[in-house]
Amino acid sequence: NVSVVLFTADLRLTDHPPLRAALDAADAVVPLFVRDRAIEAAGFAAPNRRAFLDGCLADLDAGLRERGGHLVVRSGDLVQEVCRVVTETDAEEVHMAAGHSRFAARREERLRSALEAVGRRLCVHDAVTVAVPPGMVTPASSDHFAVFTPYYRHWARTPLRPVVRAPGRVVVPEGAGGERVPAHGDHVGVSPALPPGGESQARKQVTAYWRRGLDGYETTHDDLAADATSRLSAHLHFGTVSPVELVHRARRHGGAGAEAFVRQLAWRDFHHQVLAARPETAHADYRTQHDHWRTERTAGADIDAWREGRTGYPVIDAAMRQLRHEGWMHNRARLLVASFLTKTLYVDWRIGAAHFLYWLVDGDVANNQLNWQWMAGTGTDTRPNRVLNPVTQSKKYDPDGTYVRRWVPELAGLAPRLVHEPWKLPAADRADLDYPDPIVSLSTGLDRFRRARGKEA
Ligand code: FAD
């Protein structure tokens with residue numbers, strides 16, 4: 001007999017409960033990935049994530065081939081394609097990981113009904129794309145936690161399932177045909193320094209980080225120049241590494257660095273449980289409704305300067321240029337550019353979130369939209385009116401200006417004292433710099449923010 005394992009945001013062989021269950025249930029398994037037309041149509045499949053995805057699929061296919069099988073890739077309507085494969089191979093069951101967005105929940109329901117209509121079973125497995133699934137820990141009075149600290153206390157006490165070993169052998173039935181699995185790299189509009197996707201790469205990165213980075217995580221994770229975070233976010237997004245396995249490994253490793261790292265993984269689950277309970281927060285304000293945002297129509301030039309990294313604030317421009325070049329940005333920098341756009345420029349957070357989703361290789365509806373809302377003061381932050389000052393933050397987290405110089409070569413020759421505030425240069429030297437003046441003064445931005453929020457209060 002035959003089972004299908006449908007890969008979605010879990011493109012790995014190690015610690016893959018749906019694959020394990022499919023192998024246990026059948027003599028042969030069809031490892032299937034469907035390029036879902038609905039995701040393509042929604043514009044969510046931006047060039048960086050498409051390219052990274054192709055790397056993941058090629059690596060998954062290679063891993064399956066080492067085990068005697070191969071990946072079957074199809075394109076179209078996911079439900080129709082799964083049903084076709086089930087019919088073609090006479091499979092009895094389909095195994096897949098639970099998804100937590102509204103889109104994933106609806107798709108899963110459609111798939112379940114379509115399979116039931118032809119007498120087949122859909123088996124959905126939890127704790128594959130997150131460590132602690134939405135709904136598993138809840139406060140007494142609600143279906144989700146709205147504040148991180150109490151969530152984390154419960155999350156940290158929740159027992160995790162054991163890690164599932166990668167299979168030794170995978171037998172794919174005859175007749176399970178699909179498309180050529182594309183190689184990484186044949187994409188246009190991709191960031192020049194995009195990292196490669198795939199489980200092999202993720203595992204190498206984890207090993208290297210455990211050796212060199214994890215112990216220092218607590219003290220270095222905010223240091224912009226040190227670039228000392230794990231850079232595992234895209235792998236977590238595509239599931240080339242398992243969050244359950246990462247938590248187990250970090251806890252085994254122990255120490256303050258590992259503990260701080262695990263706490264960040266809990267932030268990821270926190271946002272997934274908010275989005276699962278309040279799917280509308282992908283677009284709508286979670287807590288406080290704000291209506292006076294500036295938009296493309298009223299702040300077009302400011303928004304363009306922000307997107308292109310020419311606001312005149314060195315750390316903001318460095319970060320926005322890093323985003324385009326690498327498809328990734330340091331977390332501290334994400335906080336700064338989000339505060340700058342939504343508070344200093346008072347631009348609607350959805351405009352910033354959309355730009356991030358276009359470029360980020362880890363771009364993820366739960367973590368992107370809800371982190372944006374956190375910084376915009378519409379989300380779960382308990383201090384919604386905090387404004388991050390890009391100059392003091394830049395001096396604190398990039399004291400000698402190494403991060404700024406790396407991404408804004410126009411300022412490479414400036415001393416640490418001036419690199420965060422080039423407008424303080426004597427006028428003659430200032431004129432020689434090919435770098436803009438600030439598009440707005442911080443005090444003007446702060447006044448506008450306070451007026452707008454006062455108006456709404
Ligand atoms: P590390 O510091 O090594 O952390 C390990 C893992 O923990 C990360 O890979 C990530 O999965 C998780 N994590 C860390 N910080 C957070 C956080 N604040 N919220 C949720 N999970 C976290 N992360 C995304 O994965 N996708 C996004 O689209 C995304 N958009 C963001 C937008 C804004 C405005 C902000 C402020 C943050 C956003 N983040 C997003 C969270 C965070 O910036 C990235 O996860 C992190 O920078 C990735 O780098 P890393 O893997 O080296 O992280």
# chains A, B, ... in the order shown; residues from 1 in each chain; ligands from 1

$ residues_near_ligand --ligand "ligand 1" --cutoff "6 Å" --atoms "only C-alpha atoms and all ligand atoms" --output "number ranges by chain"
A: 229-233, 236, 261, 264-265, 267-268, 330-331, 334-335, 338, 362-364, 367-368, 371-372

$ residues_around --residues "stretch 204-209 of chain A" --least-positions-apart "4" --cutoff "12 Å" --atoms "only C-alpha atoms" --output "ChimeraX atom specification"
/A:195-200,213-217,227-236,240-243,245-247,249-250,253,257-258,261

$ select_by_dssp --residues "stretch 4-129 of chain A" --states "strand (DSSP E or B)" --output "NGL selection string"
:A and (4-7 or 28-36 or 72-76 or 93-97 or 121-125)

$ write_last_selection --atoms "N, CA and C atoms" --output "PDB file, in the first residue's frame"
ATOM      1  N   VAL A   4       0.909   9.191   0.859  1.00  0.00           N
ATOM      2  CA  VAL A   4       1.530  10.418   0.330  1.00  0.00           C
ATOM      3  C   VAL A   4       1.981  11.253   1.519  1.00  0.00           C
ATOM      4  N   VAL A   5       3.186  11.813   1.442  1.00  0.00           N
ATOM      5  CA  VAL A   5       3.561  12.821   2.441  1.00  0.00           C
ATOM      6  C   VAL A   5       3.671  14.144   1.694  1.00  0.00           C
ATOM      7  N   LEU A   6       2.832  15.079   2.119  1.00  0.00           N
ATOM      8  CA  LEU A   6       2.783  16.376   1.456  1.00  0.00           C
ATOM      9  C   LEU A   6       3.667  17.351   2.221  1.00  0.00           C
ATOM     10  N   PHE A   7       4.754  17.779   1.596  1.00  0.00           N
ATOM     11  CA  PHE A   7       5.652  18.759   2.232  1.00  0.00           C
ATOM     12  C   PHE A   7       5.095  20.164   1.991  1.00  0.00           C
ATOM     13  N   ALA A  28       5.170   1.924   0.430  1.00  0.00           N
ATOM     14  CA  ALA A  28       5.783   2.920  -0.452  1.00  0.00           C
ATOM     15  C   ALA A  28       5.169   4.288  -0.158  1.00  0.00           C
ATOM     16  N   VAL A  29       5.987   5.320  -0.356  1.00  0.00           N
ATOM     17  CA  VAL A  29       5.564   6.686  -0.004  1.00  0.00           C
ATOM     18  C   VAL A  29       5.843   7.632  -1.169  1.00  0.00           C
ATOM     19  N   VAL A  30       4.885   8.516  -1.436  1.00  0.00           N
ATOM     20  CA  VAL A  30       5.125   9.556  -2.445  1.00  0.00           C
ATOM     21  C   VAL A  30       5.467  10.847  -1.711  1.00  0.00           C
ATOM     22  N   PRO A  31       6.727  11.289  -1.759  1.00  0.00           N
ATOM     23  CA  PRO A  31       7.088  12.586  -1.160  1.00  0.00           C
ATOM     24  C   PRO A  31       6.710  13.684  -2.147  1.00  0.00           C
ATOM     25  N   LEU A  32       5.705  14.462  -1.799  1.00  0.00           N
ATOM     26  CA  LEU A  32       5.105  15.399  -2.757  1.00  0.00           C
ATOM     27  C   LEU A  32       5.251  16.845  -2.307  1.00  0.00           C
ATOM     28  N   PHE A  33       5.603  17.719  -3.252  1.00  0.00           N
ATOM     29  CA  PHE A  33       5.539  19.165  -2.998  1.00  0.00           C
ATOM     30  C   PHE A  33       4.733  19.786  -4.125  1.00  0.00           C
ATOM     31  N   VAL A  34       3.757  20.626  -3.778  1.00  0.00           N
ATOM     32  CA  VAL A  34       2.960  21.296  -4.815  1.00  0.00           C
ATOM     33  C   VAL A  34       3.246  22.789  -4.774  1.00  0.00           C
ATOM     34  N   ARG A  35       3.690  23.310  -5.915  1.00  0.00           N
ATOM     35  CA  ARG A  35       3.809  24.778  -6.030  1.00  0.00           C
ATOM     36  C   ARG A  35       2.389  25.296  -6.148  1.00  0.00           C
ATOM     37  N   ASP A  36       1.912  25.846  -5.063  1.00  0.00           N
ATOM     38  CA  ASP A  36       0.499  26.200  -4.959  1.00  0.00           C
ATOM     39  C   ASP A  36       0.200  27.478  -5.731  1.00  0.00           C
ATOM     40  N   VAL A  72       8.575  14.377  -5.657  1.00  0.00           N
ATOM     41  CA  VAL A  72       7.632  14.619  -6.754  1.00  0.00           C
ATOM     42  C   VAL A  72       7.150  16.060  -6.615  1.00  0.00           C
ATOM     43  N   VAL A  73       7.404  16.868  -7.640  1.00  0.00           N
ATOM     44  CA  VAL A  73       6.980  18.276  -7.600  1.00  0.00           C
ATOM     45  C   VAL A  73       5.881  18.480  -8.638  1.00  0.00           C
ATOM     46  N   ARG A  74       4.796  19.095  -8.230  1.00  0.00           N
ATOM     47  CA  ARG A  74       3.698  19.437  -9.138  1.00  0.00           C
ATOM     48  C   ARG A  74       3.403  20.923  -8.995  1.00  0.00           C
ATOM     49  N   SER A  75       2.676  21.494  -9.944  1.00  0.00           N
ATOM     50  CA  SER A  75       2.244  22.898  -9.850  1.00  0.00           C
ATOM     51  C   SER A  75       0.761  22.970 -10.126  1.00  0.00           C
ATOM     52  N   GLY A  76       0.066  23.879  -9.456  1.00  0.00           N
ATOM     53  CA  GLY A  76      -1.360  24.076  -9.732  1.00  0.00           C
ATOM     54  C   GLY A  76      -2.118  24.289  -8.446  1.00  0.00           C
ATOM     55  N   GLU A  93      -3.630   7.215   2.232  1.00  0.00           N
ATOM     56  CA  GLU A  93      -3.582   8.301   3.218  1.00  0.00           C
ATOM     57  C   GLU A  93      -2.667   9.408   2.723  1.00  0.00           C
ATOM     58  N   VAL A  94      -2.956  10.624   3.215  1.00  0.00           N
ATOM     59  CA  VAL A  94      -2.045  11.748   2.976  1.00  0.00           C
ATOM     60  C   VAL A  94      -1.634  12.291   4.338  1.00  0.00           C
ATOM     61  N   HIS A  95      -0.329  12.431   4.549  1.00  0.00           N
ATOM     62  CA  HIS A  95       0.184  12.991   5.809  1.00  0.00           C
ATOM     63  C   HIS A  95       0.767  14.372   5.541  1.00  0.00           C
ATOM     64  N   MET A  96       0.467  15.304   6.414  1.00  0.00           N
ATOM     65  CA  MET A  96       1.054  16.642   6.267  1.00  0.00           C
ATOM     66  C   MET A  96       1.150  17.328   7.622  1.00  0.00           C
ATOM     67  N   ALA A  97       1.949  18.420   7.654  1.00  0.00           N
ATOM     68  CA  ALA A  97       2.093  19.214   8.888  1.00  0.00           C
ATOM     69  C   ALA A  97       0.945  20.214   8.984  1.00  0.00           C
ATOM     70  N   ARG A 121      -7.928   9.378   3.521  1.00  0.00           N
ATOM     71  CA  ARG A 121      -7.819  10.028   4.827  1.00  0.00           C
ATOM     72  C   ARG A 121      -6.697  11.074   4.824  1.00  0.00           C
ATOM     73  N   LEU A 122      -6.968  12.225   5.460  1.00  0.00           N
ATOM     74  CA  LEU A 122      -5.901  13.225   5.654  1.00  0.00           C
ATOM     75  C   LEU A 122      -5.453  13.166   7.107  1.00  0.00           C
ATOM     76  N   CYS A 123      -4.151  12.963   7.339  1.00  0.00           N
ATOM     77  CA  CYS A 123      -3.615  12.934   8.714  1.00  0.00           C
ATOM     78  C   CYS A 123      -2.735  14.166   8.896  1.00  0.00           C
ATOM     79  N   VAL A 124      -3.135  15.039   9.813  1.00  0.00           N
ATOM     80  CA  VAL A 124      -2.412  16.297  10.022  1.00  0.00           C
ATOM     81  C   VAL A 124      -1.597  16.192  11.308  1.00  0.00           C
ATOM     82  N   HIS A 125      -0.318  16.557  11.226  1.00  0.00           N
ATOM     83  CA  HIS A 125       0.593  16.405  12.369  1.00  0.00           C
ATOM     84  C   HIS A 125       0.978  17.774  12.921  1.00  0.00           C
TER      85      HIS A 125
END

$ residues_around --residues "A:Lys396" --least-positions-apart "6" --cutoff "12 Å" --atoms "only C-alpha atoms" --output "list in words"
Asp222, Asp223, Leu224, Ala225, Val315, Arg332, Leu388, Asn389, Pro390, Tyr403, Pro416 and His420 of chain A

$ write_last_selection --atoms "N, CA and C atoms" --output "CSV table (one decimal), in the first residue's frame"
chain,number,residue,atom,x,y,z
A,222,ASP,N,22.5,41.7,20.0
A,222,ASP,CA,22.1,43.0,19.6
A,222,ASP,C,23.2,43.8,18.9
A,223,ASP,N,24.3,43.2,18.9
A,223,ASP,CA,25.5,43.9,18.3
A,223,ASP,C,25.4,43.9,16.8
A,224,LEU,N,25.1,45.1,16.2
A,224,LEU,CA,24.9,45.1,14.7
A,224,LEU,C,26.1,44.7,13.9
A,225,ALA,N,27.3,45.1,14.3
A,225,ALA,CA,28.5,44.8,13.5
A,225,ALA,C,28.9,43.4,13.7
A,315,VAL,N,22.2,54.6,10.2
A,315,VAL,CA,21.9,53.2,10.5
A,315,VAL,C,20.6,52.7,9.8
A,332,ARG,N,17.9,43.9,15.4
A,332,ARG,CA,18.0,45.2,16.0
A,332,ARG,C,17.7,46.3,14.9
A,388,LEU,N,12.1,54.6,19.0
A,388,LEU,CA,13.6,54.3,19.1
A,388,LEU,C,14.3,55.4,18.3
A,389,ASN,N,15.3,56.0,19.0
A,389,ASN,CA,16.1,57.1,18.4
A,389,ASN,C,17.2,56.5,17.6
A,390,PRO,N,17.2,56.7,16.3
A,390,PRO,CA,18.2,56.0,15.4
A,390,PRO,C,19.6,56.4,15.7
A,403,TYR,N,29.1,48.6,11.3
A,403,TYR,CA,27.9,48.2,10.5
A,403,TYR,C,27.5,49.3,9.5
A,416,PRO,N,34.4,57.5,14.1
A,416,PRO,CA,33.2,56.9,14.9
A,416,PRO,C,32.3,58.0,15.4
A,420,HIS,N,27.7,58.4,12.8
A,420,HIS,CA,26.2,58.2,13.1
A,420,HIS,C,25.5,59.6,12.9

$ residues_around --residues "A:Gly69" --least-positions-apart "2" --cutoff "12 Å" --atoms "only C-alpha atoms" --output "PyMOL selection string"
chain A and resi 28-32+60-67+71-72+167-174+176-177

$ write_last_selection --atoms "N, CA and C atoms" --output "compact mmCIF listing (two decimals), in the first residue's frame"
# COMPACT_ATOMS: atom_id res chain seq x y z
N ALA A 28 5.17 1.92 0.43
CA ALA A 28 5.78 2.92 -0.45
C ALA A 28 5.17 4.29 -0.16
N VAL A 29 5.99 5.32 -0.36
CA VAL A 29 5.56 6.69 0.00
C VAL A 29 5.84 7.63 -1.17
N VAL A 30 4.89 8.52 -1.44
CA VAL A 30 5.13 9.56 -2.44
C VAL A 30 5.47 10.85 -1.71
N PRO A 31 6.73 11.29 -1.76
CA PRO A 31 7.09 12.59 -1.16
C PRO A 31 6.71 13.68 -2.15
N LEU A 32 5.70 14.46 -1.80
CA LEU A 32 5.11 15.40 -2.76
C LEU A 32 5.25 16.85 -2.31
N LEU A 60 16.16 18.60 -0.85
CA LEU A 60 15.25 17.55 -0.36
C LEU A 60 15.25 16.38 -1.35
N ASP A 61 15.22 16.71 -2.63
CA ASP A 61 15.25 15.66 -3.66
C ASP A 61 16.54 14.86 -3.55
N ALA A 62 17.66 15.57 -3.35
CA ALA A 62 18.96 14.87 -3.24
C ALA A 62 18.96 13.94 -2.01
N GLY A 63 18.42 14.42 -0.91
CA GLY A 63 18.36 13.61 0.31
C GLY A 63 17.51 12.36 0.10
N LEU A 64 16.40 12.53 -0.63
CA LEU A 64 15.52 11.37 -0.89
C LEU A 64 16.21 10.39 -1.84
N ARG A 65 16.93 10.93 -2.81
CA ARG A 65 17.62 10.04 -3.77
C ARG A 65 18.68 9.20 -3.06
N GLU A 66 19.38 9.82 -2.09
CA GLU A 66 20.37 9.04 -1.31
C GLU A 66 19.71 7.86 -0.61
N ARG A 67 18.41 7.98 -0.37
CA ARG A 67 17.67 6.93 0.34
C ARG A 67 16.85 6.06 -0.60
N LEU A 71 11.88 13.29 -4.95
CA LEU A 71 10.77 14.20 -4.65
C LEU A 71 9.88 14.33 -5.88
N VAL A 72 8.58 14.38 -5.66
CA VAL A 72 7.63 14.62 -6.75
C VAL A 72 7.15 16.06 -6.61
N PRO A 167 14.67 9.06 7.91
CA PRO A 167 14.49 7.66 7.49
C PRO A 167 15.74 7.11 6.82
N GLY A 168 15.92 5.79 6.91
CA GLY A 168 17.06 5.16 6.25
C GLY A 168 16.79 4.94 4.78
N ARG A 169 15.57 4.53 4.46
CA ARG A 169 15.26 4.20 3.08
C ARG A 169 13.84 4.69 2.75
N VAL A 170 13.68 5.22 1.55
CA VAL A 170 12.35 5.68 1.12
C VAL A 170 12.03 5.04 -0.23
N VAL A 171 10.97 4.24 -0.26
CA VAL A 171 10.58 3.59 -1.53
C VAL A 171 9.42 4.38 -2.12
N VAL A 172 9.63 4.89 -3.34
CA VAL A 172 8.59 5.66 -4.02
C VAL A 172 7.92 4.74 -5.05
N PRO A 173 6.59 4.70 -5.12
CA PRO A 173 5.93 3.78 -6.06
C PRO A 173 6.12 4.20 -7.51
N GLU A 174 6.00 3.25 -8.41
CA GLU A 174 6.02 3.54 -9.85
C GLU A 174 4.88 4.51 -10.16
N ALA A 176 4.68 7.72 -9.89
CA ALA A 176 4.58 8.98 -9.15
C ALA A 176 5.46 10.01 -9.83
N GLY A 177 4.97 10.55 -10.96
CA GLY A 177 5.80 11.48 -11.75
C GLY A 177 5.54 12.92 -11.40

$ residues_around --residues "stretch 43-49 of chain A" --least-positions-apart "6" --cutoff "10 Å" --atoms "only C-alpha atoms" --output "number ranges by chain"
A: 35-37, 55, 187-192, 194-195, 197, 234, 237-238, 324, 326-328, 354, 357-365

$ select_by_dssp --residues "stretch 3-46 of chain A" --states "alpha helix (DSSP H)" --output "PyMOL selection string"
chain A and resi 17-25+37-41

$ write_last_selection --atoms "N, CA and C atoms" --output "tab-separated table (two decimals), in the first residue's frame"
chain	number	residue	atom	x	y	z
A	17	PRO	N	7.71	14.26	11.53
A	17	PRO	CA	6.69	13.29	11.93
A	17	PRO	C	5.74	12.84	10.80
A	18	PRO	N	5.31	13.74	9.87
A	18	PRO	CA	4.43	13.23	8.81
A	18	PRO	C	5.12	12.18	7.94
A	19	LEU	N	6.39	12.39	7.63
A	19	LEU	CA	7.12	11.42	6.80
A	19	LEU	C	7.25	10.09	7.55
A	20	ARG	N	7.60	10.18	8.82
A	20	ARG	CA	7.74	8.97	9.64
A	20	ARG	C	6.42	8.18	9.65
A	21	ALA	N	5.31	8.91	9.85
A	21	ALA	CA	4.00	8.25	9.94
A	21	ALA	C	3.63	7.63	8.59
A	22	ALA	N	3.94	8.34	7.51
A	22	ALA	CA	3.62	7.81	6.18
A	22	ALA	C	4.42	6.54	5.93
A	23	LEU	N	5.69	6.54	6.32
A	23	LEU	CA	6.54	5.35	6.12
A	23	LEU	C	6.05	4.19	6.98
A	24	ASP	N	5.61	4.50	8.19
A	24	ASP	CA	5.12	3.43	9.08
A	24	ASP	C	3.81	2.83	8.56
A	25	ALA	N	3.03	3.66	7.85
A	25	ALA	CA	1.69	3.21	7.44
A	25	ALA	C	1.70	2.45	6.12
A	37	ARG	N	-0.66	27.34	-6.74
A	37	ARG	CA	-1.00	28.49	-7.58
A	37	ARG	C	-1.57	29.64	-6.74
A	38	ALA	N	-2.28	29.30	-5.65
A	38	ALA	CA	-2.89	30.36	-4.82
A	38	ALA	C	-1.82	31.24	-4.17
A	39	ILE	N	-0.70	30.64	-3.78
A	39	ILE	CA	0.37	31.42	-3.15
A	39	ILE	C	1.03	32.31	-4.20
A	40	GLU	N	1.23	31.74	-5.39
A	40	GLU	CA	1.83	32.53	-6.48
A	40	GLU	C	0.90	33.70	-6.82
A	41	ALA	N	-0.41	33.43	-6.90
A	41	ALA	CA	-1.36	34.47	-7.30
A	41	ALA	C	-1.44	35.57	-6.26

$ residues_around --residues "stretch 410-413 of chain A" --least-positions-apart "3" --cutoff "8 Å" --atoms "only C-alpha atoms" --output "short mmCIF file (atom, residue, chain, number, x, y, z; two decimals) with C-alpha atoms, in the first residue's frame"
data_model
loop_
_atom_site.label_atom_id
_atom_site.label_comp_id
_atom_site.auth_asym_id
_atom_site.auth_seq_id
_atom_site.Cartn_x
_atom_site.Cartn_y
_atom_site.Cartn_z
CA VAL A 404 27.14 51.64 9.00
CA ARG A 405 30.42 51.71 7.07
CA ARG A 406 29.81 48.18 5.75
CA VAL A 419 29.60 58.33 11.33
CA PRO A 422 27.30 63.12 9.37
CA LEU A 433 29.98 63.72 0.96
CA ASP A 434 27.64 62.10 -1.53
CA TYR A 435 25.11 61.44 1.22
#
